[in-house]
$ cat target27.cif   # mmCIF, C-alpha atoms
data_protein
#
loop_
_atom_site.label_atom_id
_atom_site.label_comp_id
_atom_site.auth_asym_id
_atom_site.auth_seq_id
_atom_site.Cartn_x
_atom_site.Cartn_y
_atom_site.Cartn_z
CA MET A 179 -12.84 -55.96 39.17
CA ARG A 180 -11.45 -52.57 38.16
CA VAL A 181 -11.89 -49.53 40.38
CA ILE A 182 -10.58 -45.96 40.01
CA ILE A 183 -9.03 -44.86 43.30
CA ASN A 184 -7.77 -41.28 43.62
CA GLY A 185 -7.51 -41.04 39.84
CA GLU A 186 -5.65 -44.33 39.31
CA GLU A 187 -7.08 -47.63 38.09
CA ARG A 188 -6.63 -50.57 40.49
CA SER A 189 -7.65 -54.22 40.06
CA PHE A 190 -9.17 -56.46 42.75
CA THR A 191 -10.09 -60.13 42.52
CA ALA A 192 -12.75 -60.48 45.20
CA PRO A 193 -16.03 -58.63 45.81
CA HIS A 194 -15.56 -55.87 48.34
CA THR A 195 -17.37 -53.51 50.61
CA LEU A 196 -15.70 -50.18 51.26
CA HIS A 197 -14.56 -51.50 54.63
CA SER A 198 -12.90 -54.65 53.22
CA LEU A 199 -11.33 -52.72 50.35
CA LEU A 200 -9.77 -50.24 52.78
CA ALA A 201 -8.47 -53.17 54.79
CA GLU A 202 -6.86 -54.69 51.70
CA LEU A 203 -5.25 -51.34 50.93
CA GLY A 204 -3.95 -51.11 54.49
CA VAL A 205 -5.91 -47.93 55.21
CA ASP A 206 -7.47 -47.34 58.63
CA PRO A 207 -11.20 -46.59 58.01
CA GLY A 208 -11.26 -44.44 61.11
CA LYS A 209 -8.72 -42.00 59.70
CA VAL A 210 -10.13 -41.31 56.23
CA ALA A 211 -13.14 -39.99 54.38
CA VAL A 212 -14.40 -41.78 51.26
CA GLU A 213 -16.31 -40.46 48.29
CA ARG A 214 -17.89 -43.06 45.96
CA ASN A 215 -18.97 -41.88 42.51
CA LEU A 216 -19.03 -38.25 43.71
CA GLU A 217 -21.14 -39.10 46.78
CA ILE A 218 -19.64 -38.96 50.28
CA VAL A 219 -20.17 -42.24 52.14
CA PRO A 220 -20.84 -41.97 55.90
CA ARG A 221 -18.20 -43.88 57.83
CA SER A 222 -20.87 -45.90 59.59
CA ASN A 223 -21.90 -47.36 56.19
CA TYR A 224 -18.49 -48.55 55.02
CA GLY A 225 -19.31 -52.17 55.85
CA ALA A 226 -22.61 -52.10 53.94
CA VAL A 227 -21.67 -50.19 50.77
CA PRO A 228 -20.46 -52.50 47.96
CA VAL A 229 -17.63 -51.59 45.61
CA ASN A 230 -18.62 -52.35 42.02
CA GLU A 231 -16.82 -52.57 38.69
CA GLY A 232 -15.94 -49.09 37.42
CA ASP A 233 -16.62 -47.28 40.70
CA ARG A 234 -14.64 -44.10 41.27
CA LEU A 235 -13.38 -43.61 44.80
CA GLU A 236 -11.67 -40.66 46.43
CA ILE A 237 -9.99 -41.56 49.71
CA VAL A 238 -8.76 -38.57 51.68
CA HIS A 239 -7.35 -38.01 55.12
CA PHE A 240 -8.21 -35.31 57.58
CA ILE A 241 -5.89 -32.45 58.51
CA GLY A 242 -6.16 -31.56 62.18
CA GLY A 243 -6.21 -28.15 63.77
CA GLY A 244 -6.98 -26.28 60.58
CA ALA A 245 -3.48 -26.80 59.25
CA GLY A 246 -3.12 -27.07 55.48
CA ASP A 247 -0.59 -27.32 52.72
CA GLU A 248 2.12 -24.81 53.58
CA ASP A 249 2.54 -24.10 49.89
CA GLY A 250 -1.12 -23.32 49.23
CA TRP A 251 -2.08 -20.14 47.43
CA GLU A 252 -4.78 -17.61 48.15
CA VAL A 253 -7.15 -15.61 45.97
CA ALA A 254 -9.96 -13.35 47.15
CA GLY A 255 -9.48 -14.58 50.71
CA ARG A 256 -9.82 -18.27 49.78
CA THR A 257 -6.99 -20.80 50.03
CA PHE A 258 -6.41 -23.54 47.46
CA HIS A 259 -3.83 -26.31 47.31
CA SER A 260 -3.91 -27.28 43.65
CA ARG A 261 -2.22 -24.72 41.41
CA LEU A 262 -3.74 -26.25 38.30
CA LEU A 263 -7.03 -24.75 37.12
CA VAL A 264 -8.89 -26.45 34.29
CA GLY A 265 -11.63 -25.64 31.83
CA THR A 266 -14.64 -27.80 31.09
CA GLY A 267 -15.03 -27.42 27.32
CA LYS A 268 -14.00 -29.45 24.24
CA TYR A 269 -14.31 -32.91 25.82
CA LYS A 270 -16.21 -35.64 23.97
CA ASP A 271 -18.83 -35.83 26.72
CA PHE A 272 -19.50 -34.82 30.32
CA GLU A 273 -18.27 -38.15 31.67
CA GLU A 274 -14.83 -37.60 30.15
CA THR A 275 -14.89 -34.05 31.49
CA ALA A 276 -15.48 -35.31 35.02
CA ARG A 277 -12.78 -37.98 34.77
CA ALA A 278 -10.19 -35.53 33.45
CA ILE A 279 -10.90 -32.98 36.16
CA GLU A 280 -10.60 -35.65 38.81
CA ALA A 281 -7.27 -36.85 37.38
CA SER A 282 -5.95 -33.28 37.24
CA GLY A 283 -6.45 -32.72 40.96
CA ALA A 284 -7.86 -29.26 40.19
CA GLU A 285 -10.00 -27.51 42.76
CA ILE A 286 -11.11 -24.66 40.49
CA VAL A 287 -12.87 -25.25 37.16
CA THR A 288 -13.95 -22.60 34.69
CA VAL A 289 -17.49 -22.78 33.37
CA ALA A 290 -19.05 -20.89 30.49
CA VAL A 291 -22.53 -19.42 30.75
CA ARG A 292 -24.83 -20.67 28.00
CA ARG A 293 -28.56 -20.75 27.36
CA VAL A 294 -30.55 -23.72 28.62
CA ASN A 295 -31.95 -25.87 25.80
CA ILE A 296 -35.62 -25.20 26.61
CA SER A 297 -36.75 -27.40 23.71
CA ASP A 298 -35.26 -30.36 25.60
CA PRO A 299 -34.58 -29.32 29.19
CA SER A 300 -34.00 -32.95 30.17
CA GLN A 301 -30.64 -33.01 28.39
CA PRO A 302 -27.72 -33.57 30.82
CA MET A 303 -25.92 -30.52 32.19
CA LEU A 304 -22.37 -30.10 33.41
CA VAL A 305 -23.50 -29.91 37.04
CA ASP A 306 -24.89 -33.45 36.69
CA TYR A 307 -21.28 -34.66 36.36
CA VAL A 308 -19.11 -31.97 37.95
CA SER A 309 -20.56 -30.86 41.26
CA PRO A 310 -20.17 -27.26 42.47
CA LYS A 311 -20.24 -28.74 45.97
CA ARG A 312 -16.95 -30.47 45.24
CA TYR A 313 -15.24 -27.94 42.96
CA THR A 314 -15.09 -24.17 42.96
CA PHE A 315 -16.85 -23.04 39.80
CA LEU A 316 -15.24 -20.04 38.14
CA PRO A 317 -17.75 -18.54 35.67
CA ASN A 318 -16.02 -16.94 32.72
CA THR A 319 -16.98 -14.73 29.81
CA ALA A 320 -15.71 -16.91 26.97
CA GLY A 321 -17.09 -15.67 23.68
CA CYS A 322 -17.63 -12.08 24.82
CA TYR A 323 -16.22 -9.31 22.61
CA THR A 324 -17.48 -6.22 24.45
CA ALA A 325 -17.46 -5.06 28.04
CA GLU A 326 -21.25 -4.91 27.99
CA GLU A 327 -21.55 -8.57 26.97
CA ALA A 328 -19.07 -9.65 29.64
CA VAL A 329 -20.77 -7.74 32.46
CA ARG A 330 -24.20 -9.04 31.46
CA THR A 331 -22.93 -12.62 31.31
CA LEU A 332 -21.39 -12.54 34.78
CA ARG A 333 -24.41 -10.90 36.32
CA LEU A 334 -26.48 -13.79 34.97
CA ALA A 335 -23.91 -16.26 36.35
CA ARG A 336 -24.17 -14.72 39.79
CA GLU A 337 -27.94 -14.96 39.65
CA ALA A 338 -27.75 -18.61 38.59
CA GLY A 339 -25.21 -19.82 41.11
CA GLY A 340 -24.43 -17.03 43.53
CA TRP A 341 -20.77 -16.84 42.46
CA ASP A 342 -18.85 -13.60 42.89
CA LEU A 343 -15.37 -15.00 42.10
CA VAL A 344 -15.27 -14.83 38.31
CA LYS A 345 -12.90 -14.91 35.36
CA LEU A 346 -13.15 -11.97 32.98
CA GLU A 347 -12.04 -12.21 29.38
CA VAL A 348 -13.03 -9.81 26.62
CA LEU A 349 -11.75 -10.92 23.23
CA GLY A 350 -10.51 -8.74 20.41
CA ASP A 351 -11.24 -10.89 17.34
CA GLN A 352 -12.12 -14.44 16.37
CA LYS A 353 -8.82 -15.16 14.61
CA THR A 354 -6.48 -14.61 17.57
CA LEU A 355 -8.85 -14.51 20.58
CA TYR A 356 -6.37 -11.95 21.90
CA PRO A 357 -7.66 -9.84 24.79
CA ASN A 358 -9.20 -6.48 23.95
CA MET A 359 -7.58 -4.52 26.73
CA PRO A 360 -9.63 -1.26 26.55
CA GLU A 361 -12.85 -3.31 26.81
CA THR A 362 -11.29 -5.52 29.50
CA LEU A 363 -10.46 -2.50 31.64
CA LYS A 364 -13.97 -1.12 31.15
CA ALA A 365 -15.59 -4.41 32.13
CA ALA A 366 -13.30 -4.90 35.13
CA GLU A 367 -14.19 -1.50 36.49
CA ALA A 368 -17.93 -2.20 36.18
CA LEU A 369 -17.70 -5.67 37.70
CA ILE A 370 -15.54 -4.60 40.65
CA GLY A 371 -17.97 -1.77 41.30
CA ASP A 372 -20.75 -4.36 41.31
CA GLY A 373 -19.07 -6.46 44.01
CA PHE A 374 -17.41 -9.13 41.87
CA ARG A 375 -13.98 -10.59 42.68
CA VAL A 376 -12.36 -10.48 39.26
CA MET A 377 -9.63 -12.77 37.95
CA VAL A 378 -8.70 -11.26 34.61
CA TYR A 379 -7.33 -12.67 31.33
CA CYS A 380 -5.02 -10.08 29.81
CA SER A 381 -2.10 -9.45 27.49
CA ASP A 382 1.42 -10.17 28.75
CA ASP A 383 2.00 -6.47 29.41
CA PRO A 384 3.39 -5.59 32.87
CA ILE A 385 1.95 -2.06 32.71
CA GLN A 386 -1.59 -3.27 31.95
CA ALA A 387 -1.23 -5.92 34.65
CA LYS A 388 -0.37 -3.29 37.24
CA ILE A 389 -3.31 -1.13 36.18
CA LEU A 390 -5.66 -4.08 36.59
CA GLU A 391 -4.27 -4.81 40.05
CA ASP A 392 -4.64 -1.17 41.08
CA MET A 393 -8.27 -1.26 39.91
CA GLY A 394 -8.95 -4.11 42.33
CA CYS A 395 -8.64 -7.31 40.29
CA VAL A 396 -7.84 -10.25 42.58
CA ALA A 397 -5.67 -12.20 40.09
CA ILE A 398 -3.83 -11.40 36.87
CA MET A 399 -3.96 -14.04 34.11
CA PRO A 400 -1.64 -13.17 31.22
CA LEU A 401 -1.75 -15.36 28.14
CA GLY A 402 1.19 -17.69 27.50
CA SER A 403 0.25 -17.69 23.81
CA LEU A 404 -2.97 -17.67 21.79
CA ILE A 405 -5.95 -19.52 23.26
CA GLY A 406 -6.06 -23.12 22.05
CA SER A 407 -2.79 -22.80 20.09
CA GLY A 408 -0.58 -25.09 22.20
CA LEU A 409 2.39 -22.85 21.40
CA GLY A 410 3.56 -22.71 25.02
CA ILE A 411 5.04 -19.71 26.82
CA LEU A 412 6.18 -17.38 24.05
CA ASN A 413 7.29 -14.46 26.21
CA PRO A 414 8.67 -15.74 29.53
CA ILE A 415 10.44 -12.44 30.23
CA ASN A 416 7.19 -10.49 30.30
CA ILE A 417 5.48 -13.15 32.42
CA ARG A 418 8.31 -12.86 34.92
CA LEU A 419 8.07 -9.05 34.88
CA ILE A 420 4.34 -9.25 35.59
CA LYS A 421 4.98 -11.56 38.54
CA GLU A 422 7.53 -9.09 39.91
CA SER A 423 5.28 -6.05 39.42
CA VAL A 424 2.03 -7.16 41.11
CA ALA A 425 1.21 -8.52 44.55
CA VAL A 426 -1.91 -10.49 43.60
CA PRO A 427 -1.65 -14.04 42.19
CA VAL A 428 -0.41 -14.42 38.62
CA LEU A 429 -1.64 -17.41 36.62
CA VAL A 430 -0.68 -18.22 33.05
CA ASP A 431 -3.87 -18.53 31.03
CA ALA A 432 -3.97 -19.89 27.46
CA GLY A 433 -1.44 -21.46 25.13
CA VAL A 434 -0.16 -24.38 27.19
CA GLY A 435 0.25 -27.41 24.92
CA THR A 436 1.99 -30.05 26.99
CA ALA A 437 3.38 -30.75 30.44
CA SER A 438 6.71 -29.01 29.88
CA ASP A 439 4.85 -25.74 29.13
CA ALA A 440 3.09 -25.96 32.47
CA ALA A 441 6.39 -26.63 34.24
CA VAL A 442 7.97 -23.58 32.57
CA ALA A 443 5.13 -21.36 33.77
CA MET A 444 5.59 -22.56 37.33
CA GLU A 445 9.38 -22.25 37.18
CA LEU A 446 8.87 -18.57 36.33
CA GLY A 447 7.26 -18.17 39.75
CA CYS A 448 3.63 -18.07 38.63
CA ASP A 449 1.03 -18.98 41.23
CA GLY A 450 -0.82 -21.32 38.90
CA VAL A 451 -1.77 -22.32 35.38
CA LEU A 452 -5.17 -22.46 33.72
CA MET A 453 -5.69 -24.74 30.74
CA ASN A 454 -8.41 -26.51 28.81
CA THR A 455 -7.49 -27.49 25.24
CA ALA A 456 -4.15 -29.04 26.20
CA ILE A 457 -6.00 -31.66 28.24
CA ALA A 458 -9.32 -31.96 26.40
CA GLN A 459 -7.76 -32.31 22.93
CA ALA A 460 -4.96 -34.69 23.93
CA LYS A 461 -5.18 -38.21 22.52
CA ASP A 462 -5.68 -39.44 26.09
CA PRO A 463 -7.18 -36.57 28.13
CA ILE A 464 -7.17 -38.48 31.41
CA ARG A 465 -3.50 -39.34 31.17
CA MET A 466 -2.64 -35.79 30.06
CA ALA A 467 -4.57 -34.39 33.03
CA ARG A 468 -2.37 -36.44 35.36
CA ALA A 469 0.74 -35.29 33.47
CA MET A 470 -0.28 -31.65 33.87
CA ARG A 471 -0.88 -32.16 37.58
CA LEU A 472 2.61 -33.56 38.03
CA ALA A 473 4.19 -30.89 35.82
CA VAL A 474 2.67 -28.07 37.84
CA GLU A 475 3.87 -29.67 41.06
CA ALA A 476 7.37 -30.27 39.65
CA GLY A 477 7.64 -26.73 38.28
CA ARG A 478 6.62 -25.26 41.60
CA LEU A 479 9.17 -27.39 43.48
CA ALA A 480 11.90 -26.37 41.02
CA TYR A 481 11.02 -22.69 41.52
CA LEU A 482 11.16 -23.03 45.30
CA ALA A 483 14.42 -24.99 45.11
CA GLY A 484 16.12 -22.36 42.94
CA ARG A 485 17.86 -23.44 39.76
CA MET A 486 21.63 -23.58 39.39
CA PRO A 487 23.24 -20.51 37.78
CA ARG A 488 23.79 -20.60 34.04
CA LYS A 489 27.45 -20.70 33.06
CA GLN A 490 29.22 -19.91 29.81
CA TYR A 491 31.66 -22.81 30.12
CA ALA A 492 31.68 -26.36 31.43
CA ASP A 493 32.21 -27.04 35.12
CA PRO A 494 33.10 -30.68 36.01
CA SER A 495 30.91 -32.26 38.63
CA SER A 496 33.66 -34.65 39.83
CA PRO A 497 36.54 -33.14 41.86
CA LEU A 498 39.90 -32.99 40.11
CA ALA A 499 41.93 -33.44 43.29
CA GLY A 500 43.49 -36.91 43.52
CA LEU A 501 43.09 -37.51 39.79
CA ILE A 502 45.12 -40.54 38.64
#

$ encode --input "target27.cif" --output "structure tokens"
Amino acid sequence: MRVIINGEERSFTAPHTLHSLLAELGVDPGKVAVERNLEIVPRSNYGAVPVNEGDRLEIVHFIGGGAGDEDGWEVAGRTFHSRLLVGTGKYKDFEETARAIEASGAEIVTVAVRRVNISDPSQPMLVDYVSPKRYTFLPNTAGCYTAEEAVRTLRLAREAGGWDLVKLEVLGDQKTLYPNMPETLKAAEALIGDGFRVMVYCSDDPIQAKILEDMGCVAIMPLGSLIGSGLGILNPINIRLIKESVAVPVLVDAGVGTASDAAVAMELGCDGVLMNTAIAQAKDPIRMARAMRLAVEAGRLAYLAGRMPRKQYADPSSPLAGLI
């Protein structure tokens, strides 16, 4: 019997209830919470709930006294522990979307606002697979080319789900999907005035980033390279300058192609990375999602550790004293 536990596939030979499976894993049922197929299981039911082939389990422990990850990050007064944010588009189906998000460890997922198919309203929706009770939905304005379109879209999103933390992007053209900064500034001003907490996709320009912060944007999200290009971080110097010039979180948005790109972004001191295509269009999205999770964690640790200084010449790592 194969079961997915905390994003990893495990095999078991005997039928199990949740209680007996936890016992086999050596986990004290009294110290954990379990979610089975996106549904939280009351602890009193562990002995009665069967574990079936293909079940997806999340087993988490409790953190006492309100203490959390000391390296968490905060945006708009909310604290998160995962520094990887992921999009929900371009997957082959909603099931793969849900599996990839779970494997990524992301807490925030971006969602586009689209019309309901009223000719067949029974068709599955994203929320049937990715629950807003489990993840923080971040409505975005993908596909908007004017400030007016962006503002209208996010007002509809707030009406639909009550969200005020949003991601603003206003695109310049279809070829590059580069941000139209005059329209972005216009939309940001209107949205902030309307009570939204705006995380904003922008060019890698430190001056524009500072203007957006001064307007009241809660996070700055400069592009690493063109959306969906996989070109990586093309201008690390400007990304670093943006991080030094603003006090709000800075997250690289767009252009990440593989795990090393995500690690580079984090080594620059960024607070997080947002990606979609790099995971969804990988040959194995679930495995790539796990790789991105680890890369973001490794990059953050490397930044906190502080890299060795670069040197022009070699420096032997073994002492020369006592050389034979």

$ atom_distance --input "target27.cif" --atom1 "CA of Pro317 in chain A" --atom2 "CA of Val291 in chain A"
6.9 Å

$ atom_distance --input "target27.cif" --atom1 "CA of Ala432 in chain A" --atom2 "CA of Thr354 in chain A"
11.5 Å

$ residues_around --input "target27.cif" --residues "Phe272 in chain A" --least-positions-apart "3" --cutoff "10 Å" --atoms "only C-alpha atoms" --output "list in words"
Thr266, Gly267, Lys268, Tyr269, Thr275, Ala276, Arg277, Ala278, Pro302, Met303, Leu304, Val305, Asp306, Tyr307 and Val308 of chain A

$ closest_residue --input "target27.cif" --among "A:Cys448, A:Ala467, A:Ala460, A:Val329" --to "Tyr481 in chain A" --atoms "all atoms listed in the file"
A:Cys448

$ closest_residue --input "target27.cif" --among "A:Glu285, A:Asp233, A:Glu274, A:Glu422" --to "Thr257 in chain A" --atoms "all atoms listed in the file"
A:Glu285

$ closest_residue --input "target27.cif" --among "A:Ala201, A:Pro193, A:Thr288, A:Glu252" --to "Asn230 in chain A" --atoms "all atoms listed in the file"
A:Pro193

$ resolve_selection --input "target27.cif" --expression "the PyMOL selection byres ((chain A and resi 470) around 9)" --output "short mmCIF file (atom, residue, chain, number, x, y, z; two decimals) with C-alpha atoms, keeping the file's coordinate frame"
data_model
loop_
_atom_site.label_atom_id
_atom_site.label_comp_id
_atom_site.auth_asym_id
_atom_site.auth_seq_id
_atom_site.Cartn_x
_atom_site.Cartn_y
_atom_site.Cartn_z
CA LEU A 262 -3.74 -26.25 38.30
CA SER A 282 -5.95 -33.28 37.24
CA THR A 436 1.99 -30.05 26.99
CA ALA A 437 3.38 -30.75 30.44
CA SER A 438 6.71 -29.01 29.88
CA ALA A 440 3.09 -25.96 32.47
CA ALA A 441 6.39 -26.63 34.24
CA ALA A 456 -4.15 -29.04 26.20
CA ILE A 457 -6.00 -31.66 28.24
CA ARG A 465 -3.50 -39.34 31.17
CA MET A 466 -2.64 -35.79 30.06
CA ALA A 467 -4.57 -34.39 33.03
CA ARG A 468 -2.37 -36.44 35.36
CA ALA A 469 0.74 -35.29 33.47
CA ARG A 471 -0.88 -32.16 37.58
CA LEU A 472 2.61 -33.56 38.03
CA ALA A 473 4.19 -30.89 35.82
CA VAL A 474 2.67 -28.07 37.84
CA GLU A 475 3.87 -29.67 41.06
#

$ closest_residue --input "target27.cif" --among "A:Met377, A:Ala476, A:Leu355, A:Val181" --to "Leu404 in chain A" --atoms "all atoms listed in the file"
A:Leu355

$ atom_distance --input "target27.cif" --atom1 "CA of Gly225 in chain A" --atom2 "CA of Arg312 in chain A"
24.3 Å

$ residues_around --input "target27.cif" --residues "Ala226 in chain A" --least-positions-apart "4" --cutoff "10 Å" --atoms "all atoms listed in the file" --output "number ranges by chain"
A: 194-197, 222

$ closest_residue --input "target27.cif" --among "A:Glu186, A:Gly410, A:Ile237, A:Ala192" --to "Lys209 in chain A" --atoms "only C-alpha atoms"
A:Ile237
